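Scroll down for the structure; my scribbles are underneath it.
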2 protein chains.
Amino acid sequence: MSELAAAPADTRPYSPGLEGVIAGETSLSYIDGEAGRLLYRGYPIGELVHRGSYAAIAELLWTGEWIADAKLPCLPVSEPVLTALRALPADARPMDALRTAVSVWGAVTNPSWPPTPEQARALTASSPSALAAFARIRQGLEPVAPDPDLDLVAGFLYQLNGVKPEAEAARALDAYFVVGAEHGFNASTFTARVITSTRSDIASAVCGAIGAMKGPLHGGAPSEVVEQIHEVGSPERAEAWVRDAIANNVRLMGFGHRVYRAYDPRAAALREVAESMEHKPDWLELAIAVEDVALRVLAEKHPDRALKTNVEFYAAPVLMGVGLKPDLFPAAFALARHAGWTAHAIEQGANNRLIRPDVRYVGPGARPLAEA
Amino acid sequence: MSELAAAPADTRPYSPGLEGVIAGETSLSYIDGEAGRLLYRGYPIGELVHRGSYAAIAELLWTGEWIADAKLPCLPVSEPVLTALRALPADARPMDALRTAVSVWGAVTNPSWPPTPEQARALTASSPSALAAFARIRQGLEPVAPDPDLDLVAGFLYQLNGVKPEAEAARALDAYFVVGAEHGFNASTFTARVITSTRSDIASAVCGAIGAMKGPLHGGAPSEVVEQIHEVGSPERAEAWVRDAIANNVRLMGFGHRVYRAYDPRAAALREVAESMEHKPDWLELAIAVEDVALRVLAEKHPDRALKTNVEFYAAPVLMGVGLKPDLFPAAFALARHAGWTAHAIEQGANNRLIRPDVRYVGPGARPLAEA
């Protein structure tokens, strides 16, 4: 063996970004981008939004059981989590605060291996309280204790605003949480599975997942949808604004998707909830008007391209409509995705195998340090 | 489109655990398991331990430059990090404390995209101070401020124990940090790259990596080596103990490795440092005696199997020798790996592409919820 021989050429096939590589198996969700179809454990997302709550969908993902009247009230924030959140600067990113809260939660609860539905319930019901607490602390307000009579999404809004939400607003946000709960091996869910595959704990998995979702290539930039809808200003101006934007090659935010060529079934489900509201927030009214015009003009100008509404388009008005500040949108998405992340941790742990790809070395050949 | 048609069979090839799949390229390290060879940017690990310090190796990984006299003193722990660490229970796992410290560090510093050597230096020099602070706080002791005249590893020991370490002890731990700094696409480094690939920040990447390393399938169980060496008790008993263990099918901890068939070059480098010490801690003396006997007896009993010393075998006596409690070993490994994790974050960010594999659906076929 010569330590100074050059590294041999690596002739193994290279899959950049692992695109198209099947890294694992799941029973949790099925995505058909061509048909615009999303199933959780076989059930269509539209039916789930229509008949279920986030608590019921989370239980379905964790246990496989459909319990239509399942409840999952928010849990109180523990003192160590609250102390850590109070110590953060007021201008800290909410995703950083949420990641920190989950890390402290893990340090306090020390979840055992393998991940369980009990652990998933406890973490999923703690994080909304922690995010709401941070959102109040940074404004100089005191956190509000959770109301055990409210289900998770209504309970989150209550802790955020200090008043019980209107039923329709809670229902709209619950629908958003349902459609955001799970979506296959995106980068954050894959991160959670890689971490779990080392036999690490569920809090470590969700911490890593939050960090991955924080990246704009994954968590997106929902505030850009807000800015565009804000620019439109009123339903009457929608037609002129959209035509002007397309004429000037401005990209319409909230249309087109990596996977979905058809209308994103999550956007369809959210629109249905939005349209059924008796008192729509102005934001929703405006978004529906903009969408109608945008789809019509996009089909007219780009008949060859599959530019349909994606879930981000409706996430923005729903989140604005229930009173969330735009910088909380990514963290709200992360709260919704807790159900999926933790369900994937349970699924990985139940049939575990270390996830560990290889890497190709492309650096300098072997060389003596003495000559450096 | 029928929402109730069964999911079509997925015929794409499946790579369980991504074993043998090349997920990316790196210039940071090259591993040749057959020859027992590890190079950082082309330089053999043995030479790096012999001629360099952890600070120099970290700079080499971050920038590609070899600066033999590079310095990287520990940085003070910020108030928010200290407050979060004080809020943790005294029996919290040190890896959970370290993950939390990195999360708060990220919330406070808000590192921009893409990851840079400056960010890598700041985080790598902050984490040892945070871990040392937690190790003191949990014993009811006050944290010790870092000494700017001490380099990173000596400075870590100083903050841990409150007294300046002996030069030989600091040198032994520095060698451990050098050999632990980087090792290709293990699960934690891969986690850091997946997180970075979403354009998330360096703190999110290291948070996720710590969570992955926490799992025993990755971070290992170095305390088991300690227990075995402790059982041996004295060099004179080594021969009898090892023969007895092998006769009773007790697995000898610290021998054999997934990648290395030859003597692990990291173990070789640590042994060289250990043997050159004028005043070896008892733990090192004992470990060297046990290793000599174990290699001889393993070769005699299993001549067909490549059971050579691995890095864990020497990690344990070095860490014990410098006074670390066994439950701090995984976190000390994580401190050492900061250089590699952050270097991979820089490398990923410099030529980024989202890492996102696919998943095969194996759950129930499409079914109506109404019948659930």
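Letters for chains follow the order of the structure tokens (A, B, ...), residue numbers begin at 1 for each chain, and ligand numbers begin at 1 in the order shown.
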Based on only C-alpha atoms, which of the residues in chain B come within 6 Å of chain A? I want them as a ChimeraX atom specification.
/B:14-27,41-43,80,84,87-88,92,96,100,103,107,185,187,195,198-200,204,208,211-212,214-215,217-218,354-369
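Non-sequential neighbours of range 161-177 of chain B (distance at most 8 Å, separation of 3 or more positions within a chain, only C-alpha atoms) are Val49, Ser53, Tyr54, Val144, Val153, Ala154, Gly155, Leu157, Tyr158, Gly180, Ala181, Ala269, Leu270, Val273, Ala274, Met277, Glu278, His279, Ala315, Val318, Leu319, Gly321, Val322, Phe333, Leu335, Ala336 and Arg337 of chain B.
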Would you write out those residues with N, CA and C atoms, as a CSV table (one decimal), in the first residue's frame?
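Final output, saved to again.csv:
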```
chain,number,residue,atom,x,y,z
B,49,VAL,N,-2.2,14.3,11.4
B,49,VAL,CA,-2.2,14.2,12.9
B,49,VAL,C,-0.8,14.6,13.3
B,53,SER,N,-2.7,20.7,13.5
B,53,SER,CA,-3.6,20.8,14.7
B,53,SER,C,-5.0,20.7,14.1
B,54,TYR,N,-6.0,20.6,15.0
B,54,TYR,CA,-7.4,20.6,14.5
B,54,TYR,C,-7.7,21.9,13.8
B,144,VAL,N,-17.0,28.5,32.7
B,144,VAL,CA,-15.7,29.2,32.7
B,144,VAL,C,-15.6,29.9,31.3
B,153,VAL,N,-9.0,22.9,21.0
B,153,VAL,CA,-9.1,21.7,21.8
B,153,VAL,C,-8.6,21.9,23.3
B,154,ALA,N,-7.5,22.6,23.4
B,154,ALA,CA,-7.0,22.9,24.8
B,154,ALA,C,-8.0,23.9,25.5
B,155,GLY,N,-8.6,24.8,24.7
B,155,GLY,CA,-9.6,25.7,25.2
B,155,GLY,C,-10.9,25.0,25.7
B,157,LEU,N,-11.0,21.9,26.9
B,157,LEU,CA,-10.6,21.2,28.1
B,157,LEU,C,-10.6,22.2,29.3
B,158,TYR,N,-10.0,23.4,29.0
B,158,TYR,CA,-9.9,24.4,30.0
B,158,TYR,C,-11.3,24.8,30.5
B,180,GLY,N,-11.4,12.7,13.8
B,180,GLY,CA,-12.9,12.7,13.8
B,180,GLY,C,-13.5,13.7,13.0
B,181,ALA,N,-12.7,14.6,12.4
B,181,ALA,CA,-13.2,15.8,11.7
B,181,ALA,C,-14.0,15.5,10.5
B,269,ALA,N,-3.2,6.4,13.8
B,269,ALA,CA,-2.7,7.7,14.1
B,269,ALA,C,-2.9,8.0,15.6
B,270,LEU,N,-4.0,7.6,16.2
B,270,LEU,CA,-4.2,7.9,17.6
B,270,LEU,C,-3.2,7.1,18.5
B,273,VAL,N,0.1,8.7,18.6
B,273,VAL,CA,0.2,9.8,19.5
B,273,VAL,C,0.2,9.3,21.0
B,274,ALA,N,-0.6,8.3,21.2
B,274,ALA,CA,-0.7,7.8,22.6
B,274,ALA,C,0.7,7.2,23.0
B,277,MET,N,3.4,9.6,24.2
B,277,MET,CA,3.3,10.4,25.4
B,277,MET,C,4.2,10.0,26.5
B,278,GLU,N,4.8,11.0,27.1
B,278,GLU,CA,5.8,10.6,28.2
B,278,GLU,C,5.0,10.1,29.4
B,279,HIS,N,3.9,10.8,29.7
B,279,HIS,CA,3.1,10.4,30.9
B,279,HIS,C,1.7,10.0,30.3
B,315,ALA,N,-10.7,6.1,20.7
B,315,ALA,CA,-11.5,7.3,21.1
B,315,ALA,C,-11.7,7.2,22.6
B,318,VAL,N,-8.6,7.8,25.0
B,318,VAL,CA,-8.2,9.2,24.9
B,318,VAL,C,-9.2,10.1,25.6
B,319,LEU,N,-10.5,9.9,25.4
B,319,LEU,CA,-11.5,10.8,26.0
B,319,LEU,C,-11.5,10.6,27.5
B,321,GLY,N,-8.9,9.5,29.2
B,321,GLY,CA,-7.6,10.0,29.6
B,321,GLY,C,-7.6,11.4,29.9
B,322,VAL,N,-8.3,12.2,29.1
B,322,VAL,CA,-8.4,13.7,29.4
B,322,VAL,C,-9.5,14.1,30.3
B,333,PHE,N,-17.4,13.7,20.0
B,333,PHE,CA,-17.3,13.2,18.6
B,333,PHE,C,-18.0,14.3,17.7
B,335,LEU,N,-18.4,17.5,18.3
B,335,LEU,CA,-17.6,18.7,18.2
B,335,LEU,C,-16.5,18.5,17.2
B,336,ALA,N,-15.9,17.4,17.2
B,336,ALA,CA,-14.8,17.1,16.2
B,336,ALA,C,-15.4,17.1,14.8
B,337,ARG,N,-16.5,16.6,14.6
B,337,ARG,CA,-17.1,16.5,13.2
B,337,ARG,C,-17.7,17.8,12.7
```
Have a look at CA of Ala316 in chain B and CA of Glu285 in chain B and let me know their distance in Å, one decimal.
12.4 Å
